[in-house]
$ cat work03.txt   # compact mmCIF, N, CA and C atoms
# COMPACT_ATOMS: atom_id res chain seq x y z
N MET A 1 155.85 71.72 81.53
CA MET A 1 157.19 71.18 81.41
C MET A 1 157.46 70.71 79.98
N ARG A 2 156.43 70.08 79.40
CA ARG A 2 156.59 69.58 78.04
C ARG A 2 156.90 70.74 77.08
N TYR A 3 156.23 71.90 77.26
CA TYR A 3 156.47 73.06 76.39
C TYR A 3 157.86 73.62 76.58
N LEU A 4 158.37 73.57 77.80
CA LEU A 4 159.72 74.05 78.06
C LEU A 4 160.74 73.18 77.34
N ILE A 5 160.54 71.88 77.38
CA ILE A 5 161.45 70.96 76.69
C ILE A 5 161.39 71.19 75.19
N MET A 6 160.18 71.37 74.64
CA MET A 6 160.04 71.63 73.21
C MET A 6 160.73 72.94 72.83
N ALA A 7 160.58 73.97 73.65
CA ALA A 7 161.22 75.25 73.38
C ALA A 7 162.73 75.12 73.38
N LEU A 8 163.26 74.35 74.33
CA LEU A 8 164.71 74.17 74.39
C LEU A 8 165.24 73.39 73.19
N ILE A 9 164.42 72.49 72.68
CA ILE A 9 164.82 71.70 71.51
C ILE A 9 164.84 72.58 70.25
N PHE A 10 163.80 73.41 70.09
CA PHE A 10 163.68 74.19 68.85
C PHE A 10 164.38 75.54 68.89
N LEU A 11 164.78 76.03 70.03
CA LEU A 11 165.44 77.33 70.14
C LEU A 11 166.71 77.43 69.30
N PRO A 12 167.62 76.44 69.34
CA PRO A 12 168.81 76.55 68.50
C PRO A 12 168.49 76.61 67.01
N SER A 13 167.49 75.86 66.55
CA SER A 13 167.16 75.89 65.13
C SER A 13 166.55 77.23 64.75
N LEU A 14 165.77 77.85 65.64
CA LEU A 14 165.22 79.17 65.36
C LEU A 14 166.33 80.21 65.29
N ALA A 15 167.29 80.14 66.19
CA ALA A 15 168.41 81.07 66.17
C ALA A 15 169.22 80.89 64.90
N HIS A 16 169.42 79.64 64.49
CA HIS A 16 170.18 79.36 63.27
C HIS A 16 169.44 79.90 62.04
N SER A 17 168.11 79.70 61.98
CA SER A 17 167.36 80.17 60.82
C SER A 17 167.40 81.70 60.75
N GLY A 18 167.40 82.38 61.90
CA GLY A 18 167.52 83.84 61.92
C GLY A 18 168.84 84.29 61.35
N ARG A 19 169.90 83.60 61.67
CA ARG A 19 171.23 83.95 61.16
C ARG A 19 171.31 83.68 59.66
N VAL A 20 170.71 82.59 59.21
CA VAL A 20 170.69 82.28 57.79
C VAL A 20 169.95 83.39 57.04
N THR A 21 168.82 83.82 57.59
CA THR A 21 168.04 84.89 56.98
C THR A 21 168.86 86.18 56.93
N GLU A 22 169.53 86.50 58.01
CA GLU A 22 170.34 87.72 58.05
C GLU A 22 171.48 87.66 57.03
N LEU A 23 172.16 86.52 56.95
CA LEU A 23 173.25 86.37 55.98
C LEU A 23 172.74 86.47 54.54
N TYR A 24 171.62 85.82 54.28
CA TYR A 24 171.04 85.91 52.94
C TYR A 24 170.69 87.37 52.62
N CYS A 25 170.13 88.07 53.58
CA CYS A 25 169.70 89.44 53.36
C CYS A 25 170.91 90.36 53.10
N GLU A 26 172.00 90.12 53.80
CA GLU A 26 173.22 90.90 53.56
C GLU A 26 173.67 90.71 52.10
N LYS A 27 173.61 89.48 51.63
CA LYS A 27 173.97 89.18 50.24
C LYS A 27 172.99 89.87 49.28
N ALA A 28 171.72 89.80 49.58
CA ALA A 28 170.70 90.42 48.73
C ALA A 28 170.86 91.94 48.70
N GLN A 29 171.21 92.54 49.84
CA GLN A 29 171.44 93.99 49.89
C GLN A 29 172.61 94.38 49.00
N ALA A 30 173.69 93.63 49.09
CA ALA A 30 174.88 93.92 48.28
C ALA A 30 174.56 93.80 46.79
N GLU A 31 173.81 92.77 46.41
CA GLU A 31 173.43 92.59 45.01
C GLU A 31 172.51 93.71 44.54
N ALA A 32 171.60 94.15 45.41
CA ALA A 32 170.68 95.24 45.06
C ALA A 32 171.44 96.54 44.82
N VAL A 33 172.39 96.82 45.68
CA VAL A 33 173.20 98.04 45.51
C VAL A 33 174.02 97.96 44.23
N GLN A 34 174.60 96.81 43.98
CA GLN A 34 175.43 96.62 42.79
C GLN A 34 174.60 96.74 41.50
N SER A 35 173.36 96.33 41.54
CA SER A 35 172.53 96.34 40.33
C SER A 35 171.87 97.68 40.05
N GLN A 36 171.93 98.64 40.96
CA GLN A 36 171.26 99.92 40.78
C GLN A 36 171.56 100.61 39.45
N PRO A 37 172.80 100.64 38.99
CA PRO A 37 173.08 101.34 37.72
C PRO A 37 172.40 100.71 36.50
N SER A 38 171.98 99.45 36.60
CA SER A 38 171.39 98.78 35.44
C SER A 38 169.88 98.96 35.33
N PHE A 39 169.27 99.69 36.26
CA PHE A 39 167.81 99.89 36.21
C PHE A 39 167.46 101.00 35.25
N PRO A 40 166.33 100.90 34.58
CA PRO A 40 165.33 99.83 34.64
C PRO A 40 165.79 98.58 33.87
N VAL A 41 165.28 97.43 34.31
CA VAL A 41 165.55 96.16 33.64
C VAL A 41 164.29 95.78 32.88
N ILE A 42 164.41 95.68 31.57
CA ILE A 42 163.26 95.34 30.73
C ILE A 42 162.98 93.84 30.87
N LYS A 43 161.77 93.51 31.34
CA LYS A 43 161.40 92.10 31.56
C LYS A 43 160.69 91.51 30.33
N ASP A 44 159.84 92.32 29.69
CA ASP A 44 159.20 91.92 28.44
C ASP A 44 158.76 93.20 27.73
N ALA A 45 157.97 93.06 26.68
CA ALA A 45 157.62 94.22 25.84
C ALA A 45 156.91 95.33 26.61
N SER A 46 156.24 95.00 27.69
CA SER A 46 155.47 96.02 28.40
C SER A 46 155.83 96.16 29.88
N THR A 47 156.79 95.40 30.37
CA THR A 47 157.09 95.37 31.79
C THR A 47 158.56 95.68 32.05
N ALA A 48 158.79 96.57 33.02
CA ALA A 48 160.16 96.91 33.41
C ALA A 48 160.27 96.85 34.93
N LEU A 49 161.37 96.27 35.40
CA LEU A 49 161.69 96.28 36.82
C LEU A 49 162.42 97.59 37.08
N MET A 50 161.83 98.44 37.91
CA MET A 50 162.37 99.79 38.13
C MET A 50 163.29 99.87 39.34
N ALA A 51 163.07 99.01 40.33
CA ALA A 51 163.90 99.06 41.53
C ALA A 51 163.84 97.72 42.25
N HIS A 52 164.91 97.42 42.97
CA HIS A 52 165.02 96.19 43.75
C HIS A 52 165.86 96.54 44.98
N MET A 53 165.29 96.36 46.18
CA MET A 53 165.97 96.70 47.42
C MET A 53 165.80 95.57 48.43
N ALA A 54 166.71 95.50 49.38
CA ALA A 54 166.59 94.51 50.45
C ALA A 54 167.01 95.16 51.76
N GLU A 55 166.32 94.78 52.84
CA GLU A 55 166.63 95.32 54.16
C GLU A 55 166.29 94.27 55.22
N TYR A 56 167.17 94.10 56.18
CA TYR A 56 166.94 93.15 57.26
C TYR A 56 166.44 93.92 58.49
N ARG A 57 165.23 93.56 58.96
CA ARG A 57 164.65 94.19 60.15
C ARG A 57 163.86 93.17 60.96
N ASN A 58 164.10 93.16 62.24
CA ASN A 58 163.31 92.33 63.15
C ASN A 58 163.21 90.87 62.71
N GLY A 59 164.32 90.32 62.22
CA GLY A 59 164.34 88.92 61.83
C GLY A 59 163.75 88.63 60.46
N ILE A 60 163.36 89.67 59.73
CA ILE A 60 162.75 89.51 58.40
C ILE A 60 163.66 90.15 57.36
N CYS A 61 163.87 89.44 56.27
CA CYS A 61 164.56 90.02 55.12
C CYS A 61 163.46 90.54 54.20
N ASP A 62 163.32 91.85 54.16
CA ASP A 62 162.28 92.51 53.38
C ASP A 62 162.86 92.91 52.03
N ILE A 63 162.44 92.21 51.00
CA ILE A 63 162.89 92.50 49.63
C ILE A 63 161.74 93.25 48.95
N ARG A 64 162.07 94.42 48.41
CA ARG A 64 161.05 95.24 47.75
C ARG A 64 161.41 95.42 46.28
N GLN A 65 160.40 95.21 45.45
CA GLN A 65 160.58 95.39 44.01
C GLN A 65 159.50 96.33 43.50
N ARG A 66 159.86 97.14 42.52
CA ARG A 66 158.90 98.04 41.90
C ARG A 66 158.93 97.83 40.39
N TYR A 67 157.76 97.59 39.83
CA TYR A 67 157.61 97.35 38.39
C TYR A 67 156.78 98.46 37.76
N LEU A 68 156.98 98.62 36.46
CA LEU A 68 156.17 99.53 35.66
C LEU A 68 155.64 98.72 34.49
N ILE A 69 154.31 98.73 34.32
CA ILE A 69 153.68 98.03 33.21
C ILE A 69 152.96 99.06 32.35
N ASN A 70 153.18 98.99 31.05
CA ASN A 70 152.48 99.86 30.11
C ASN A 70 151.33 99.06 29.52
N SER A 71 150.14 99.19 30.12
CA SER A 71 149.00 98.39 29.65
C SER A 71 148.47 98.90 28.31
N SER A 72 148.75 100.14 27.95
CA SER A 72 148.37 100.64 26.63
C SER A 72 149.15 99.89 25.55
N LEU A 73 150.43 99.64 25.81
CA LEU A 73 151.25 98.88 24.87
C LEU A 73 150.75 97.44 24.77
N VAL A 74 150.38 96.86 25.89
CA VAL A 74 149.84 95.50 25.88
C VAL A 74 148.56 95.46 25.04
N ALA A 75 147.71 96.46 25.20
CA ALA A 75 146.46 96.51 24.43
C ALA A 75 146.76 96.54 22.93
N ALA A 76 147.73 97.34 22.53
CA ALA A 76 148.08 97.42 21.11
C ALA A 76 148.61 96.08 20.60
N ILE A 77 149.42 95.41 21.41
CA ILE A 77 149.97 94.10 21.03
C ILE A 77 148.85 93.06 20.89
N VAL A 78 147.91 93.07 21.84
CA VAL A 78 146.79 92.12 21.79
C VAL A 78 145.96 92.34 20.53
N VAL A 79 145.68 93.59 20.20
CA VAL A 79 144.91 93.89 18.99
C VAL A 79 145.65 93.41 17.75
N GLN A 80 146.94 93.70 17.68
CA GLN A 80 147.74 93.30 16.53
C GLN A 80 147.76 91.79 16.36
N GLU A 81 147.96 91.06 17.45
CA GLU A 81 147.99 89.60 17.39
C GLU A 81 146.64 89.02 16.97
N ASN A 82 145.57 89.59 17.49
CA ASN A 82 144.24 89.10 17.15
C ASN A 82 143.89 89.39 15.69
N ARG A 83 144.34 90.51 15.18
CA ARG A 83 144.11 90.82 13.76
C ARG A 83 144.84 89.83 12.87
N LYS A 84 146.04 89.43 13.27
CA LYS A 84 146.78 88.42 12.50
C LYS A 84 146.00 87.12 12.43
N ASN A 85 145.26 86.82 13.49
CA ASN A 85 144.47 85.59 13.55
C ASN A 85 143.06 85.76 12.98
N GLY A 86 142.81 86.93 12.38
CA GLY A 86 141.52 87.15 11.73
C GLY A 86 140.40 87.54 12.67
N GLN A 87 140.70 87.93 13.88
CA GLN A 87 139.66 88.31 14.84
C GLN A 87 139.50 89.84 14.84
N ALA A 88 138.27 90.28 14.96
CA ALA A 88 137.98 91.72 14.91
C ALA A 88 137.88 92.29 16.33
N ILE A 89 139.01 92.38 16.99
CA ILE A 89 139.05 92.97 18.33
C ILE A 89 139.67 94.35 18.21
N THR A 90 139.01 95.32 18.78
CA THR A 90 139.52 96.69 18.69
C THR A 90 140.31 97.04 19.96
N GLU A 91 141.11 98.07 19.83
CA GLU A 91 141.87 98.53 20.99
C GLU A 91 140.93 99.02 22.08
N LYS A 92 139.81 99.61 21.70
CA LYS A 92 138.82 100.08 22.68
C LYS A 92 138.29 98.90 23.50
N MET A 93 138.02 97.78 22.82
CA MET A 93 137.52 96.59 23.52
C MET A 93 138.54 96.09 24.53
N VAL A 94 139.81 96.05 24.12
CA VAL A 94 140.87 95.57 25.00
C VAL A 94 141.05 96.52 26.17
N ARG A 95 141.03 97.82 25.89
CA ARG A 95 141.17 98.82 26.97
C ARG A 95 140.02 98.70 27.98
N GLU A 96 138.81 98.46 27.49
CA GLU A 96 137.67 98.28 28.40
C GLU A 96 137.87 97.05 29.28
N TYR A 97 138.38 95.98 28.69
CA TYR A 97 138.67 94.78 29.48
C TYR A 97 139.75 95.07 30.52
N PHE A 98 140.79 95.78 30.11
CA PHE A 98 141.89 96.09 31.03
C PHE A 98 141.44 96.96 32.20
N SER A 99 140.35 97.68 32.05
CA SER A 99 139.89 98.52 33.15
C SER A 99 139.09 97.74 34.19
N THR A 100 138.94 96.43 33.98
CA THR A 100 138.18 95.60 34.92
C THR A 100 139.11 94.99 35.98
N GLY A 101 138.52 94.64 37.09
CA GLY A 101 139.26 93.95 38.15
C GLY A 101 139.74 92.58 37.70
N LYS A 102 138.99 91.96 36.81
CA LYS A 102 139.36 90.63 36.31
C LYS A 102 140.71 90.69 35.59
N ALA A 103 140.91 91.70 34.77
CA ALA A 103 142.18 91.86 34.05
C ALA A 103 143.32 92.16 35.03
N ARG A 104 143.05 93.02 36.00
CA ARG A 104 144.08 93.35 37.00
C ARG A 104 144.46 92.11 37.81
N ASN A 105 143.48 91.32 38.22
CA ASN A 105 143.75 90.11 38.99
C ASN A 105 144.54 89.10 38.17
N TYR A 106 144.19 88.95 36.89
CA TYR A 106 144.91 88.04 36.01
C TYR A 106 146.37 88.48 35.88
N THR A 107 146.59 89.77 35.64
CA THR A 107 147.94 90.29 35.50
C THR A 107 148.72 90.13 36.80
N SER A 108 148.07 90.39 37.92
CA SER A 108 148.71 90.24 39.22
C SER A 108 149.14 88.80 39.46
N GLU A 109 148.28 87.85 39.15
CA GLU A 109 148.61 86.44 39.34
C GLU A 109 149.76 86.00 38.43
N LYS A 110 149.76 86.47 37.19
CA LYS A 110 150.85 86.12 36.26
C LYS A 110 152.18 86.68 36.77
N LEU A 111 152.18 87.94 37.23
CA LEU A 111 153.40 88.54 37.74
C LEU A 111 153.83 87.87 39.05
N ARG A 112 152.88 87.56 39.89
CA ARG A 112 153.19 86.85 41.15
C ARG A 112 153.89 85.53 40.85
N ALA A 113 153.38 84.77 39.89
CA ALA A 113 154.00 83.49 39.53
C ALA A 113 155.41 83.70 38.99
N LYS A 114 155.58 84.74 38.20
CA LYS A 114 156.90 85.03 37.63
C LYS A 114 157.90 85.42 38.73
N VAL A 115 157.46 86.25 39.69
CA VAL A 115 158.32 86.64 40.81
C VAL A 115 158.66 85.42 41.66
N ARG A 116 157.69 84.58 41.93
CA ARG A 116 157.96 83.35 42.69
C ARG A 116 159.03 82.51 42.01
N GLN A 117 158.93 82.38 40.70
CA GLN A 117 159.90 81.59 39.95
C GLN A 117 161.29 82.24 40.01
N GLU A 118 161.35 83.52 39.75
CA GLU A 118 162.64 84.23 39.73
C GLU A 118 163.27 84.33 41.12
N MET A 119 162.45 84.35 42.16
CA MET A 119 162.94 84.53 43.53
C MET A 119 162.86 83.24 44.35
N ARG A 120 162.85 82.09 43.69
CA ARG A 120 162.68 80.82 44.40
C ARG A 120 163.80 80.59 45.43
N GLU A 121 165.02 81.04 45.13
CA GLU A 121 166.10 80.89 46.11
C GLU A 121 165.78 81.68 47.38
N ALA A 122 165.35 82.91 47.22
CA ALA A 122 165.00 83.75 48.37
C ALA A 122 163.86 83.13 49.16
N LEU A 123 162.88 82.58 48.46
CA LEU A 123 161.72 82.01 49.13
C LEU A 123 162.02 80.69 49.83
N SER A 124 163.19 80.12 49.58
CA SER A 124 163.59 78.91 50.29
C SER A 124 164.23 79.25 51.64
N ILE A 125 164.49 80.52 51.89
CA ILE A 125 165.08 80.99 53.14
C ILE A 125 163.95 81.40 54.09
N PRO A 126 163.98 80.95 55.33
CA PRO A 126 162.92 81.36 56.26
C PRO A 126 163.01 82.86 56.55
N GLY A 127 161.85 83.48 56.74
CA GLY A 127 161.82 84.88 57.13
C GLY A 127 162.06 85.87 56.00
N VAL A 128 161.76 85.49 54.77
CA VAL A 128 161.91 86.40 53.63
C VAL A 128 160.52 86.86 53.20
N ARG A 129 160.41 88.17 53.02
CA ARG A 129 159.15 88.76 52.54
C ARG A 129 159.47 89.58 51.29
N ILE A 130 158.77 89.30 50.21
CA ILE A 130 158.97 90.02 48.96
C ILE A 130 157.72 90.88 48.74
N SER A 131 157.92 92.18 48.76
CA SER A 131 156.84 93.14 48.54
C SER A 131 156.99 93.70 47.13
N VAL A 132 155.94 93.58 46.35
CA VAL A 132 155.98 94.01 44.96
C VAL A 132 154.95 95.12 44.75
N GLU A 133 155.44 96.23 44.24
CA GLU A 133 154.59 97.37 43.91
C GLU A 133 154.59 97.51 42.39
N VAL A 134 153.40 97.58 41.80
CA VAL A 134 153.29 97.64 40.34
C VAL A 134 152.53 98.91 39.96
N GLU A 135 153.23 99.79 39.27
CA GLU A 135 152.60 100.99 38.72
C GLU A 135 152.23 100.67 37.29
N VAL A 136 150.98 100.95 36.94
CA VAL A 136 150.49 100.64 35.61
C VAL A 136 150.15 101.93 34.88
N VAL A 137 150.67 102.06 33.67
CA VAL A 137 150.34 103.17 32.80
C VAL A 137 149.28 102.67 31.84
N GLY A 138 148.19 103.39 31.71
CA GLY A 138 147.13 102.97 30.81
C GLY A 138 145.86 102.67 31.58
N PRO A 139 144.97 101.91 30.98
CA PRO A 139 143.65 101.73 31.57
C PRO A 139 143.60 100.83 32.82
N MET A 140 144.59 100.02 33.04
CA MET A 140 144.56 99.11 34.19
C MET A 140 145.00 99.85 35.47
N GLU A 141 144.40 99.48 36.59
CA GLU A 141 144.78 100.08 37.86
C GLU A 141 146.08 99.47 38.38
N SER A 142 146.87 100.28 39.07
CA SER A 142 148.09 99.79 39.72
C SER A 142 147.71 98.83 40.83
N PHE A 143 148.66 97.99 41.24
CA PHE A 143 148.39 97.01 42.28
C PHE A 143 149.69 96.65 42.99
N ASP A 144 149.56 95.94 44.09
CA ASP A 144 150.73 95.43 44.79
C ASP A 144 150.37 94.12 45.45
N PHE A 145 151.43 93.35 45.82
CA PHE A 145 151.21 92.09 46.52
C PHE A 145 152.46 91.74 47.31
N VAL A 146 152.30 90.80 48.23
CA VAL A 146 153.39 90.34 49.09
C VAL A 146 153.45 88.83 49.01
N ILE A 147 154.68 88.31 48.92
CA ILE A 147 154.92 86.87 48.95
C ILE A 147 155.86 86.61 50.12
N GLN A 148 155.53 85.66 50.96
CA GLN A 148 156.38 85.34 52.11
C GLN A 148 156.85 83.91 52.05
N SER A 149 158.10 83.72 52.47
CA SER A 149 158.61 82.35 52.59
C SER A 149 158.02 81.74 53.84
N ASN A 150 158.14 80.43 53.94
CA ASN A 150 157.68 79.76 55.15
C ASN A 150 158.62 80.10 56.30
N ARG A 151 158.10 80.27 57.44
CA ARG A 151 158.89 80.59 58.62
C ARG A 151 159.19 79.39 59.40
$ encode --input "work03.txt" --output "structure tokens"
Amino acid sequence: MRYLIMALIFLPSLAHSGRVTELYCEKAQAEAVQSQPSFPVIKDASTALMAHMAEYRNGICDIRQRYLINSSLVAAIVVQENRKNGQAITEKMVREYFSTGKARNYTSEKLRAKVRQEMREALSIPGVRISVEVEVVGPMESFDFVIQSNR
């Protein structure tokens, strides 16, 4: 009986949160369609946002983003900056580092933090899932990750 009472109390709030998610997703879909002509969006010297889509399914607003990172360009920038500081780091050394899982994990965490910051409004809505696919050109392996809002 206690569970029935709890379900009756929380049912309206769950229905309301589903509608909020659906409304937010409709807005996100419209913005994604409107922004299509502006792709790719250059995020920094080596990163471009190639696509941004949103779809509402089964109570979830699924936002998908696709990035392209040129890790060869990053390697050249790192070498150039280190040479300015008097350090003897070669592009080969940087490329070898970029081919490690440690470099991929570091890059993934940095991009994850950036996406969280940029998508904080979306992540404040219950039932939002942001799927990020990252294609990497150069020595680093491609990766992907998912960030979900609290339900």
$ residues_around --input "work03.txt" --residues "stretch 131-136 of chain A" --least-positions-apart "5" --cutoff "6 Å" --atoms "all atoms listed in the file" --output "count of residues only"
17
$ select_by_dssp --input "work03.txt" --residues "chain A" --states "strand (DSSP E)" --output "MDAnalysis selection string"
chainID A and resid 41:44 47:57 60:70 128:137 143:148
$ residues_around --input "work03.txt" --residues "stretch 82-94 of chain A" --least-positions-apart "4" --cutoff "10 Å" --atoms "only C-alpha atoms" --output "PDB file with N, CA and C atoms, in the coordinates of the input"
ATOM      1  N   SER A  71     150.140  99.190  30.120  1.00  0.00           N
ATOM      2  CA  SER A  71     149.000  98.390  29.650  1.00  0.00           C
ATOM      3  C   SER A  71     148.470  98.900  28.310  1.00  0.00           C
ATOM      4  N   SER A  72     148.750 100.140  27.950  1.00  0.00           N
ATOM      5  CA  SER A  72     148.370 100.640  26.630  1.00  0.00           C
ATOM      6  C   SER A  72     149.150  99.890  25.550  1.00  0.00           C
ATOM      7  N   VAL A  74     150.380  96.860  25.890  1.00  0.00           N
ATOM      8  CA  VAL A  74     149.840  95.500  25.880  1.00  0.00           C
ATOM      9  C   VAL A  74     148.560  95.460  25.040  1.00  0.00           C
ATOM     10  N   ALA A  75     147.710  96.460  25.200  1.00  0.00           N
ATOM     11  CA  ALA A  75     146.460  96.510  24.430  1.00  0.00           C
ATOM     12  C   ALA A  75     146.760  96.540  22.930  1.00  0.00           C
ATOM     13  N   ALA A  76     147.730  97.340  22.530  1.00  0.00           N
ATOM     14  CA  ALA A  76     148.080  97.420  21.110  1.00  0.00           C
ATOM     15  C   ALA A  76     148.610  96.080  20.600  1.00  0.00           C
ATOM     16  N   ILE A  77     149.420  95.410  21.410  1.00  0.00           N
ATOM     17  CA  ILE A  77     149.970  94.100  21.030  1.00  0.00           C
ATOM     18  C   ILE A  77     148.850  93.060  20.890  1.00  0.00           C
ATOM     19  N   VAL A  78     147.910  93.070  21.840  1.00  0.00           N
ATOM     20  CA  VAL A  78     146.790  92.120  21.790  1.00  0.00           C
ATOM     21  C   VAL A  78     145.960  92.340  20.530  1.00  0.00           C
ATOM     22  N   PHE A  98     140.790  95.780  30.110  1.00  0.00           N
ATOM     23  CA  PHE A  98     141.890  96.090  31.030  1.00  0.00           C
ATOM     24  C   PHE A  98     141.440  96.960  32.200  1.00  0.00           C
ATOM     25  N   SER A  99     140.350  97.680  32.050  1.00  0.00           N
ATOM     26  CA  SER A  99     139.890  98.520  33.150  1.00  0.00           C
ATOM     27  C   SER A  99     139.090  97.740  34.190  1.00  0.00           C
ATOM     28  N   ALA A 103     140.910  91.700  34.770  1.00  0.00           N
ATOM     29  CA  ALA A 103     142.180  91.860  34.050  1.00  0.00           C
ATOM     30  C   ALA A 103     143.320  92.160  35.030  1.00  0.00           C
ATOM     31  N   PRO A 139     144.970 101.910  30.980  1.00  0.00           N
ATOM     32  CA  PRO A 139     143.650 101.730  31.570  1.00  0.00           C
ATOM     33  C   PRO A 139     143.600 100.830  32.820  1.00  0.00           C
TER      34      PRO A 139
END
$ atom_distance --input "work03.txt" --atom1 "atom CA of A:Asn150" --atom2 "atom CA of A:Ala28"
18.0 Å
$ closest_residue --input "work03.txt" --among "A:Gly59, A:Met140, A:Arg129, A:Glu118" --to "A:Arg95" --atoms "all atoms listed in the file"
A:Met140
$ atom_distance --input "work03.txt" --atom1 "atom N of A:Ile130" --atom2 "atom N of A:Arg112"
12.0 Å
$ residues_around --input "work03.txt" --residues "A:Gly127" --least-positions-apart "5" --cutoff "8 Å" --atoms "only N, CA and C atoms" --output "JSON, numbers by chain"
{"A": [17, 18, 21, 22, 59, 60, 61, 62, 122, 148, 149, 150, 151]}
$ atom_distance --input "work03.txt" --atom1 "atom CA of A:Leu73" --atom2 "atom CA of A:Gly138"
8.3 Å
$ decode --input "work03.txt" --residues "stretch 95-114 of chain A" --atoms "N, CA and C atoms" --output "mmCIF file, in the first residue's frame"
data_model
loop_
_atom_site.group_PDB
_atom_site.id
_atom_site.type_symbol
_atom_site.label_atom_id
_atom_site.label_comp_id
_atom_site.auth_asym_id
_atom_site.auth_seq_id
_atom_site.Cartn_x
_atom_site.Cartn_y
_atom_site.Cartn_z
ATOM 1 N N ARG A 95 53.912 12.539 -31.451
ATOM 2 C CA ARG A 95 53.073 11.551 -32.152
ATOM 3 C C ARG A 95 53.066 10.210 -31.408
ATOM 4 N N GLU A 96 54.211 9.804 -30.879
ATOM 5 C CA GLU A 96 54.275 8.557 -30.107
ATOM 6 C C GLU A 96 53.400 8.658 -28.858
ATOM 7 N N TYR A 97 53.445 9.808 -28.200
ATOM 8 C CA TYR A 97 52.593 10.011 -27.027
ATOM 9 C C TYR A 97 51.117 9.965 -27.427
ATOM 10 N N PHE A 98 50.783 10.617 -28.535
ATOM 11 C CA PHE A 98 49.384 10.650 -28.986
ATOM 12 C C PHE A 98 48.857 9.266 -29.347
ATOM 13 N N SER A 99 49.733 8.337 -29.650
ATOM 14 C CA SER A 99 49.261 6.998 -30.003
ATOM 15 C C SER A 99 48.960 6.148 -28.765
ATOM 16 N N THR A 100 49.140 6.718 -27.579
ATOM 17 C CA THR A 100 48.875 5.974 -26.342
ATOM 18 C C THR A 100 47.434 6.186 -25.861
ATOM 19 N N GLY A 101 46.968 5.256 -25.083
ATOM 20 C CA GLY A 101 45.645 5.384 -24.471
ATOM 21 C C GLY A 101 45.585 6.545 -23.493
ATOM 22 N N LYS A 102 46.709 6.852 -22.876
ATOM 23 C CA LYS A 102 46.755 7.965 -21.916
ATOM 24 C C LYS A 102 46.408 9.282 -22.612
ATOM 25 N N ALA A 103 46.957 9.504 -23.789
ATOM 26 C CA ALA A 103 46.667 10.734 -24.539
ATOM 27 C C ALA A 103 45.203 10.763 -24.983
ATOM 28 N N ARG A 104 44.702 9.623 -25.449
ATOM 29 C CA ARG A 104 43.294 9.554 -25.872
ATOM 30 C C ARG A 104 42.362 9.821 -24.693
ATOM 31 N N ASN A 105 42.651 9.234 -23.539
ATOM 32 C CA ASN A 105 41.817 9.447 -22.351
ATOM 33 C C ASN A 105 41.854 10.902 -21.905
ATOM 34 N N TYR A 106 43.033 11.519 -21.945
ATOM 35 C CA TYR A 106 43.169 12.926 -21.576
ATOM 36 C C TYR A 106 42.329 13.793 -22.515
ATOM 37 N N THR A 107 42.443 13.549 -23.812
ATOM 38 C CA THR A 107 41.687 14.324 -24.796
ATOM 39 C C THR A 107 40.194 14.104 -24.621
ATOM 40 N N SER A 108 39.798 12.876 -24.372
ATOM 41 C CA SER A 108 38.390 12.554 -24.156
ATOM 42 C C SER A 108 37.840 13.293 -22.942
ATOM 43 N N GLU A 109 38.583 13.304 -21.852
ATOM 44 C CA GLU A 109 38.132 13.997 -20.639
ATOM 45 C C GLU A 109 38.030 15.503 -20.849
ATOM 46 N N LYS A 110 38.995 16.078 -21.573
ATOM 47 C CA LYS A 110 38.947 17.524 -21.851
ATOM 48 C C LYS A 110 37.721 17.861 -22.701
ATOM 49 N N LEU A 111 37.456 17.053 -23.734
ATOM 50 C CA LEU A 111 36.310 17.307 -24.591
ATOM 51 C C LEU A 111 35.003 17.060 -23.832
ATOM 52 N N ARG A 112 34.982 16.033 -23.014
ATOM 53 C CA ARG A 112 33.789 15.754 -22.191
ATOM 54 C C ARG A 112 33.468 16.952 -21.300
ATOM 55 N N ALA A 113 34.474 17.523 -20.664
ATOM 56 C CA ALA A 113 34.263 18.694 -19.796
ATOM 57 C C ALA A 113 33.750 19.884 -20.608
ATOM 58 N N LYS A 114 34.297 20.054 -21.800
ATOM 59 C CA LYS A 114 33.872 21.165 -22.657
ATOM 60 C C LYS A 114 32.412 20.983 -23.100
#
